[in-house]
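Visitor: File query09.txt below, compact mmCIF, C-alpha atoms:
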```
# COMPACT_ATOMS: atom_id res chain seq x y z
CA MET A 1 0.00 0.00 0.00
CA ARG A 2 2.87 2.38 0.83
CA LYS A 3 4.41 1.66 -2.57
CA PHE A 4 1.07 2.35 -4.23
CA PHE A 5 0.79 5.82 -2.66
CA ARG A 6 4.43 6.59 -3.41
CA ILE A 7 3.86 5.84 -7.10
CA TYR A 8 0.66 7.84 -7.56
CA GLN A 9 1.22 10.75 -5.18
CA SER A 10 3.09 12.59 -7.93
CA PHE A 11 -0.05 12.50 -10.08
CA THR A 12 -2.11 13.88 -7.19
CA LYS A 13 0.43 16.66 -6.64
CA ALA A 14 0.23 17.53 -10.34
CA GLY A 15 -3.56 17.71 -10.03
CA VAL A 16 -3.31 20.18 -7.13
CA GLU A 17 -0.85 22.34 -9.08
CA ASN A 18 -3.12 22.25 -12.13
CA ALA A 19 -6.11 23.43 -10.07
CA MET A 20 -4.07 26.25 -8.54
CA ALA A 21 -2.74 27.33 -11.95
CA TYR A 22 -6.26 27.84 -13.30
CA ARG A 23 -7.93 29.11 -10.12
CA THR A 24 -9.55 32.10 -11.88
CA SER A 25 -11.32 29.78 -14.29
CA PHE A 26 -12.26 27.55 -11.36
CA LEU A 27 -13.74 30.43 -9.37
CA CYS A 28 -15.71 31.69 -12.39
CA PHE A 29 -17.14 28.21 -12.89
CA ALA A 30 -18.05 28.04 -9.19
CA LEU A 31 -19.77 31.42 -9.46
CA GLY A 32 -21.78 30.22 -12.44
CA GLU A 33 -22.87 27.12 -10.55
CA SER A 34 -23.93 29.29 -7.59
CA LEU A 35 -26.07 31.49 -9.85
CA TYR A 36 -27.68 28.35 -11.26
CA CYS A 37 -28.60 27.25 -7.72
CA PHE A 38 -30.26 30.57 -6.97
CA VAL A 39 -32.19 30.45 -10.24
CA MET A 40 -33.48 26.97 -9.35
CA TYR A 41 -34.34 28.19 -5.85
CA PHE A 42 -36.60 30.94 -7.17
CA ILE A 43 -38.22 28.57 -9.68
CA TRP A 44 -39.12 26.09 -6.93
CA LYS A 45 -40.24 28.92 -4.67
CA ALA A 46 -42.67 30.03 -7.36
CA ILE A 47 -43.94 26.43 -7.68
CA PHE A 48 -44.57 26.20 -3.93
CA LEU A 49 -46.34 29.57 -3.86
CA SER A 50 -48.57 28.60 -6.79
CA SER A 51 -49.46 25.27 -5.17
CA GLY A 52 -50.70 27.00 -2.03
CA ASP A 53 -49.38 24.17 0.18
CA SER A 54 -46.50 24.16 2.65
CA SER A 55 -45.24 20.91 1.14
CA PHE A 56 -45.02 19.56 -2.38
CA LEU A 57 -44.90 15.79 -2.88
CA GLY A 58 -43.37 15.29 0.56
CA PHE A 59 -40.84 18.13 0.27
CA SER A 60 -41.12 21.38 2.19
CA MET A 61 -39.62 24.57 0.75
CA THR A 62 -36.73 24.15 3.19
CA ASP A 63 -36.20 20.58 1.94
CA MET A 64 -36.31 21.75 -1.65
CA THR A 65 -33.80 24.53 -1.04
CA VAL A 66 -31.41 22.12 0.65
CA TYR A 67 -31.92 19.64 -2.21
CA VAL A 68 -31.16 22.27 -4.88
CA PHE A 69 -27.90 23.42 -3.30
CA LEU A 70 -26.81 19.99 -2.11
CA SER A 71 -27.52 18.16 -5.38
CA ASN A 72 -25.60 20.83 -7.26
CA LEU A 73 -22.74 20.49 -4.78
CA VAL A 74 -22.69 16.71 -5.20
CA GLY A 75 -22.70 17.14 -8.97
CA PHE A 76 -19.72 19.47 -8.60
CA LEU A 77 -17.87 17.01 -6.36
CA ILE A 78 -18.35 14.01 -8.64
CA SER A 79 -17.70 15.85 -11.89
CA THR A 80 -14.81 14.46 -13.88
CA ASP A 81 -12.99 15.44 -17.05
CA SER A 82 -11.76 11.91 -17.69
CA THR A 83 -13.90 11.52 -20.82
CA ASP A 84 -12.70 14.69 -22.56
CA ASN A 85 -9.08 14.41 -21.40
CA LEU A 86 -8.78 10.77 -22.38
CA ALA A 87 -10.45 11.36 -25.74
CA GLU A 88 -8.06 14.23 -26.45
CA GLU A 89 -5.04 12.10 -25.55
CA ILE A 90 -6.27 9.34 -27.84
CA HIS A 91 -6.92 11.88 -30.60
CA ASP A 92 -3.42 13.38 -30.53
CA GLY A 93 -1.59 10.18 -29.62
CA SER A 94 -0.25 11.35 -26.26
CA ILE A 95 -2.09 8.42 -24.66
CA ILE A 96 0.93 6.34 -25.63
CA MET A 97 2.93 8.11 -22.90
CA ARG A 98 0.54 6.68 -20.31
CA MET A 99 0.64 3.26 -21.90
CA ILE A 100 4.42 2.94 -21.75
CA LYS A 101 4.67 3.98 -18.10
CA PRO A 102 4.70 1.21 -15.47
CA VAL A 103 1.47 2.50 -13.89
CA ASN A 104 -2.20 1.64 -14.10
CA ILE A 105 -3.86 4.09 -16.50
CA ASP A 106 -7.07 4.22 -14.42
CA TYR A 107 -5.23 5.01 -11.21
CA SER A 108 -2.96 7.63 -12.79
CA ILE A 109 -5.95 9.58 -14.13
CA LEU A 110 -7.85 9.11 -10.87
CA ALA A 111 -4.91 10.31 -8.76
CA PHE A 112 -4.57 13.45 -10.91
CA GLU A 113 -8.26 14.25 -10.56
CA LEU A 114 -8.16 13.75 -6.79
CA GLY A 115 -5.60 16.54 -6.70
CA ASN A 116 -8.12 18.81 -8.39
CA LYS A 117 -10.75 17.83 -5.82
CA VAL A 118 -8.64 19.25 -2.99
CA MET A 119 -9.51 22.75 -4.17
CA VAL A 120 -13.18 21.84 -4.66
CA ILE A 121 -13.43 20.52 -1.10
CA THR A 122 -11.70 23.48 0.52
CA CYS A 123 -13.19 26.29 -1.56
CA ILE A 124 -16.66 24.95 -2.38
CA PHE A 125 -17.71 21.93 -0.32
CA LEU A 126 -17.01 23.23 3.17
CA PRO A 127 -18.50 26.76 2.68
CA VAL A 128 -21.65 25.39 1.02
CA MET A 129 -22.20 22.78 3.75
CA VAL A 130 -21.87 25.46 6.43
CA GLY A 131 -24.26 27.71 4.51
CA VAL A 132 -26.83 24.91 4.14
CA GLU A 133 -26.78 24.20 7.87
CA ILE A 134 -27.07 27.89 8.78
CA TYR A 135 -30.07 28.14 6.44
CA ARG A 136 -31.72 25.09 8.01
CA TYR A 137 -31.14 26.45 11.51
CA VAL A 138 -32.64 29.85 10.62
CA THR A 139 -35.72 28.41 8.89
CA LEU A 140 -36.38 25.46 11.20
CA GLY A 141 -35.33 27.02 14.49
CA TYR A 142 -33.16 24.10 15.56
CA VAL A 143 -29.93 22.35 14.54
CA ALA A 144 -30.91 19.81 11.89
CA PHE A 145 -27.37 18.55 11.30
CA GLN A 146 -26.98 14.80 11.91
CA LEU A 147 -23.42 13.52 12.18
CA GLY A 148 -24.47 9.99 11.21
CA ASN A 149 -26.19 11.19 8.04
CA PHE A 150 -23.19 13.36 7.20
CA LEU A 151 -20.72 10.47 7.52
CA LEU A 152 -22.94 8.21 5.39
CA PHE A 153 -23.25 11.08 2.92
CA VAL A 154 -19.45 11.31 2.65
CA VAL A 155 -19.21 7.56 2.04
CA SER A 156 -21.97 7.76 -0.57
CA VAL A 157 -20.30 10.70 -2.34
CA ILE A 158 -17.05 8.71 -2.57
CA PHE A 159 -18.95 5.86 -4.22
CA SER A 160 -20.70 8.39 -6.49
CA TYR A 161 -17.43 9.95 -7.57
CA LEU A 162 -15.83 6.59 -8.37
CA LEU A 163 -18.97 5.55 -10.23
CA SER A 164 -18.92 8.80 -12.21
CA PHE A 165 -15.20 8.40 -12.89
CA TYR A 166 -15.48 4.90 -14.34
CA LEU A 167 -18.64 5.77 -16.28
CA ASN A 168 -16.78 8.65 -17.91
CA LEU A 169 -13.72 6.48 -18.39
CA ILE A 170 -15.83 4.03 -20.39
CA PHE A 171 -16.98 6.85 -22.67
CA GLY A 172 -13.38 8.03 -22.97
CA TYR A 173 -12.22 4.59 -24.07
CA LEU A 174 -14.84 4.67 -26.82
CA ALA A 175 -12.61 7.23 -28.56
CA PHE A 176 -10.35 4.31 -29.50
CA PHE A 177 -13.19 3.04 -31.68
CA LEU A 178 -15.09 6.23 -32.66
CA LEU A 179 -12.12 8.66 -32.77
CA ASN A 180 -14.47 11.61 -32.04
CA ILE A 181 -16.93 11.31 -29.15
CA TRP A 182 -18.01 14.94 -28.79
CA GLY A 183 -21.63 14.14 -29.64
CA PHE A 184 -21.69 11.14 -27.32
CA SER A 185 -20.25 13.28 -24.53
CA ILE A 186 -23.05 15.84 -24.88
CA LEU A 187 -25.65 13.06 -24.92
CA LYS A 188 -24.06 11.45 -21.85
CA SER A 189 -24.18 14.71 -19.89
CA SER A 190 -27.84 15.28 -20.77
CA ILE A 191 -28.82 11.76 -19.73
CA ILE A 192 -26.94 12.02 -16.44
CA ASN A 193 -28.44 15.41 -15.57
CA PHE A 194 -31.96 14.12 -16.07
CA PHE A 195 -31.80 10.59 -14.67
CA SER A 196 -29.51 11.42 -11.73
CA GLY A 197 -32.05 13.73 -10.12
CA ALA A 198 -29.83 16.78 -10.62
CA LEU A 199 -32.66 18.70 -12.30
CA ILE A 200 -35.77 17.20 -10.67
CA PRO A 201 -35.83 14.93 -7.59
CA LEU A 202 -36.70 11.40 -8.66
CA ALA A 203 -39.30 11.34 -5.87
CA PHE A 204 -41.40 13.73 -7.98
CA PHE A 205 -41.89 11.20 -10.79
CA PRO A 206 -44.91 8.83 -10.90
CA GLY A 207 -44.52 5.63 -8.87
CA ALA A 208 -43.63 3.14 -11.63
CA VAL A 209 -41.36 5.61 -13.43
CA ARG A 210 -39.62 6.56 -10.20
CA LEU A 211 -39.06 2.89 -9.34
CA VAL A 212 -37.34 2.29 -12.69
CA PHE A 213 -35.25 5.47 -12.49
CA GLU A 214 -34.06 4.64 -8.97
CA GLN A 215 -32.64 1.30 -10.14
CA LEU A 216 -30.56 2.89 -12.88
CA PRO A 217 -26.91 3.70 -12.12
CA PHE A 218 -27.51 7.42 -12.68
CA ALA A 219 -29.62 7.72 -9.52
CA SER A 220 -26.58 6.66 -7.51
CA LEU A 221 -24.63 9.69 -8.73
CA VAL A 222 -26.56 12.63 -7.24
CA TYR A 223 -29.96 11.58 -5.93
CA VAL A 224 -28.82 8.91 -3.45
CA PRO A 225 -26.13 10.99 -1.63
CA THR A 226 -28.45 13.99 -1.40
CA MET A 227 -31.35 11.97 0.00
CA ILE A 228 -29.01 10.32 2.52
CA TYR A 229 -27.84 13.68 3.84
CA MET A 230 -31.41 14.92 4.12
CA GLY A 231 -32.36 11.85 6.14
CA LYS A 232 -34.89 10.60 3.58
CA TYR A 233 -33.42 7.08 3.68
CA THR A 234 -33.51 4.95 6.79
CA GLY A 235 -32.96 1.30 7.64
CA GLU A 236 -33.36 -1.07 4.72
CA GLU A 237 -33.78 1.78 2.22
CA LEU A 238 -30.40 3.19 3.22
CA ALA A 239 -28.64 -0.18 3.02
CA PHE A 240 -30.25 -0.92 -0.36
CA ALA A 241 -29.24 2.50 -1.74
CA LEU A 242 -25.61 2.05 -0.71
CA GLY A 243 -25.68 -1.52 -2.01
CA LYS A 244 -26.81 -0.29 -5.42
CA GLN A 245 -23.93 2.16 -5.53
CA ILE A 246 -21.42 -0.60 -4.80
CA PHE A 247 -23.04 -2.91 -7.35
CA TRP A 248 -22.94 -0.35 -10.17
CA LEU A 249 -19.41 0.71 -9.25
CA LEU A 250 -18.12 -2.86 -9.52
CA ALA A 251 -20.03 -3.31 -12.78
CA PHE A 252 -18.53 -0.18 -14.34
CA VAL A 253 -15.02 -1.06 -13.17
CA GLY A 254 -15.39 -4.44 -14.87
CA ILE A 255 -16.82 -2.92 -18.06
CA SER A 256 -14.09 -0.27 -18.25
CA ARG A 257 -11.33 -2.84 -17.91
CA PHE A 258 -12.92 -5.07 -20.52
CA ILE A 259 -13.18 -2.18 -23.00
CA TRP A 260 -9.58 -1.16 -22.18
CA SER A 261 -8.36 -4.66 -22.97
CA LEU A 262 -9.93 -4.33 -26.42
CA ALA A 263 -9.22 -0.64 -26.99
CA GLN A 264 -5.45 -0.63 -26.47
CA LYS A 265 -5.12 -2.80 -29.57
CA ARG A 266 -6.87 -0.20 -31.73
CA LEU A 267 -4.82 2.99 -31.21
CA ALA A 268 -4.99 5.22 -34.27
CA VAL A 269 -3.35 8.66 -34.02
CA GLN A 270 -4.90 11.61 -35.88
CA GLY A 271 -2.92 14.68 -36.80
CA GLY A 272 0.71 15.30 -35.80
```
Can I see the file as structure tokens?

Guide:
Amino acid sequence: MRKFFRIYQSFTKAGVENAMAYRTSFLCFALGESLYCFVMYFIWKAIFLSSGDSSFLGFSMTDMTVYVFLSNLVGFLISTDSTDNLAEEIHDGSIIMRMIKPVNIDYSILAFELGNKVMVITCIFLPVMVGVEIYRYVTLGYVAFQLGNFLLFVVSVIFSYLLSFYLNLIFGYLAFFLLNIWGFSILKSSIINFFSGALIPLAFFPGAVRLVFEQLPFASLVYVPTMIYMGKYTGEELAFALGKQIFWLLAFVGISRFIWSLAQKRLAVQGG
């Protein structure tokens, strides 16, 4: 294990340096995401006001506000550029530099991205979590924070990130076969945003539709961690939700390695 960390810590360090080098771009992106959250907040506020009820399909306005900011935060935490970066390396042939190194290609990319996440956690995750809890305290009149839910949330987010990473890695490997996956990448992002609950909580869909959506791997990306933090899952529901995350993670790891075993035999470099 010590040897493992010694090998890949250089990739993590490079990821941190990369995030620091482009911090202005990072902060602008974070600002844009924050504005999106506030836009969604006012949209849902208008929906609640028009309904005339204090709750909407089991969600209060406080719940909905927390869901909007938290789901966006989770989406930010689990975001990965592995698809685009890998596709670009395959396109220009620089992927060969990874292939000739005595390291696992999955782990080298993952270690680099974890370096980027250090800045996300310190500059985005912690301030937003504090803000969410202050908001809940002000609106509810008591401390709603549950340490147990938070710890399970952290575990679930780790599973979500790894699931997102390997899902995107699979799409990245497709560049070996398709050469250009820009269209597939746009389609993938649209599917994930809808089926992960990032736009609309899956609980708002009709019963049969919701049941199907919740079994798909996309629900494990955003919806499951957010619902865990909000305390919407308990007992068997919680265990089943975490079990689904582990199941889909193992499935995607297996699929990615299978595709990699086929893809590395089909390298075709475009351009210079």

Visitor: Can I get the residues of stretch 142-239 of chain A within 12 Å of stretch 125-132 of chain A, each with the closest pair of atoms and their distance in Å to one decimal, using all atoms listed in the file, sorted chain first then ascending number, as a Markdown table?

Guide:
```
| residue | atom | partner | partner_atom | distance |
| --- | --- | --- | --- | --- |
| A:Val143 | CA | A:Val132 | CA | 11.2 |
| A:Ala144 | CA | A:Val132 | CA | 10.1 |
| A:Phe145 | CA | A:Val132 | CA | 9.6 |
| A:Phe150 | CA | A:Met129 | CA | 10.1 |
| A:Phe153 | CA | A:Met129 | CA | 11.8 |
| A:Val154 | CA | A:Phe125 | CA | 11.2 |
| A:Val157 | CA | A:Phe125 | CA | 11.7 |
| A:Thr226 | CA | A:Met129 | CA | 12.0 |
| A:Tyr229 | CA | A:Met129 | CA | 10.7 |
| A:Met230 | CA | A:Val132 | CA | 11.0 |
```

Visitor: Would you please work out which residue, of A:Ala111, A:Leu152, A:Leu242, A:Ile105, is nearest to A:Ser256 when using only C-alpha atoms?

Guide: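 Selected residue with least distance to A:Ser256: A:Ile105.
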
Visitor: What is the atom CA of A:Phe76 to atom CA of A:Ile121 distance in Å?

Guide: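 Those two atoms sit 9.8 Å apart.
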
Visitor: Could you work out how far atom CA of A:Leu27 lies from atom CA of A:Thr122, giving the answer in Å with one decimal?

Guide: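 It comes out at 12.3 Å.
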
Visitor: When you draw a straight line from atom CA of A:Tyr223 to atom CA of A:Ile259, how long is it in Å?

Guide: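 Between these atoms lies a distance of 27.6 Å.
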
Visitor: In terms of the shortest atom-to-atom distance over all atoms listed in the file, which of A:Val120, A:Leu86, A:Ile186, A:Leu211 is closest to A:Ser108?

Guide: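 The answer is A:Leu86, which sits nearest to A:Ser108.
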
Visitor: At most 9 Å is the cut-off: for each residue in stretch 25-140 of chain A with any atom that close to an atom of stretch 163-181 of chain A, write down the nearest atom pair and the distance in Å rounded to one decimal, counting all atoms listed in the file, chain first then increasing number, as a Markdown table.

Guide:
```
| residue | atom | partner | partner_atom | distance |
| --- | --- | --- | --- | --- |
| A:Ile78 | CA | A:Ser164 | CA | 6.3 |
| A:Ser79 | CA | A:Ser164 | CA | 7.2 |
| A:Thr80 | CA | A:Phe165 | CA | 6.2 |
| A:Asp81 | CA | A:Asn168 | CA | 7.8 |
| A:Ser82 | CA | A:Leu169 | CA | 5.8 |
| A:Thr83 | CA | A:Gly172 | CA | 4.1 |
| A:Asp84 | CA | A:Gly172 | CA | 6.7 |
| A:Asn85 | CA | A:Gly172 | CA | 7.9 |
| A:Leu86 | CA | A:Gly172 | CA | 5.4 |
| A:Ala87 | CA | A:Gly172 | CA | 5.2 |
| A:Glu88 | CA | A:Ala175 | CA | 8.6 |
| A:Ile90 | CA | A:Phe176 | CA | 6.7 |
| A:His91 | CA | A:Leu179 | CA | 6.5 |
| A:Asp106 | CA | A:Leu169 | CA | 8.1 |
| A:Leu110 | CA | A:Phe165 | CA | 7.7 |
```
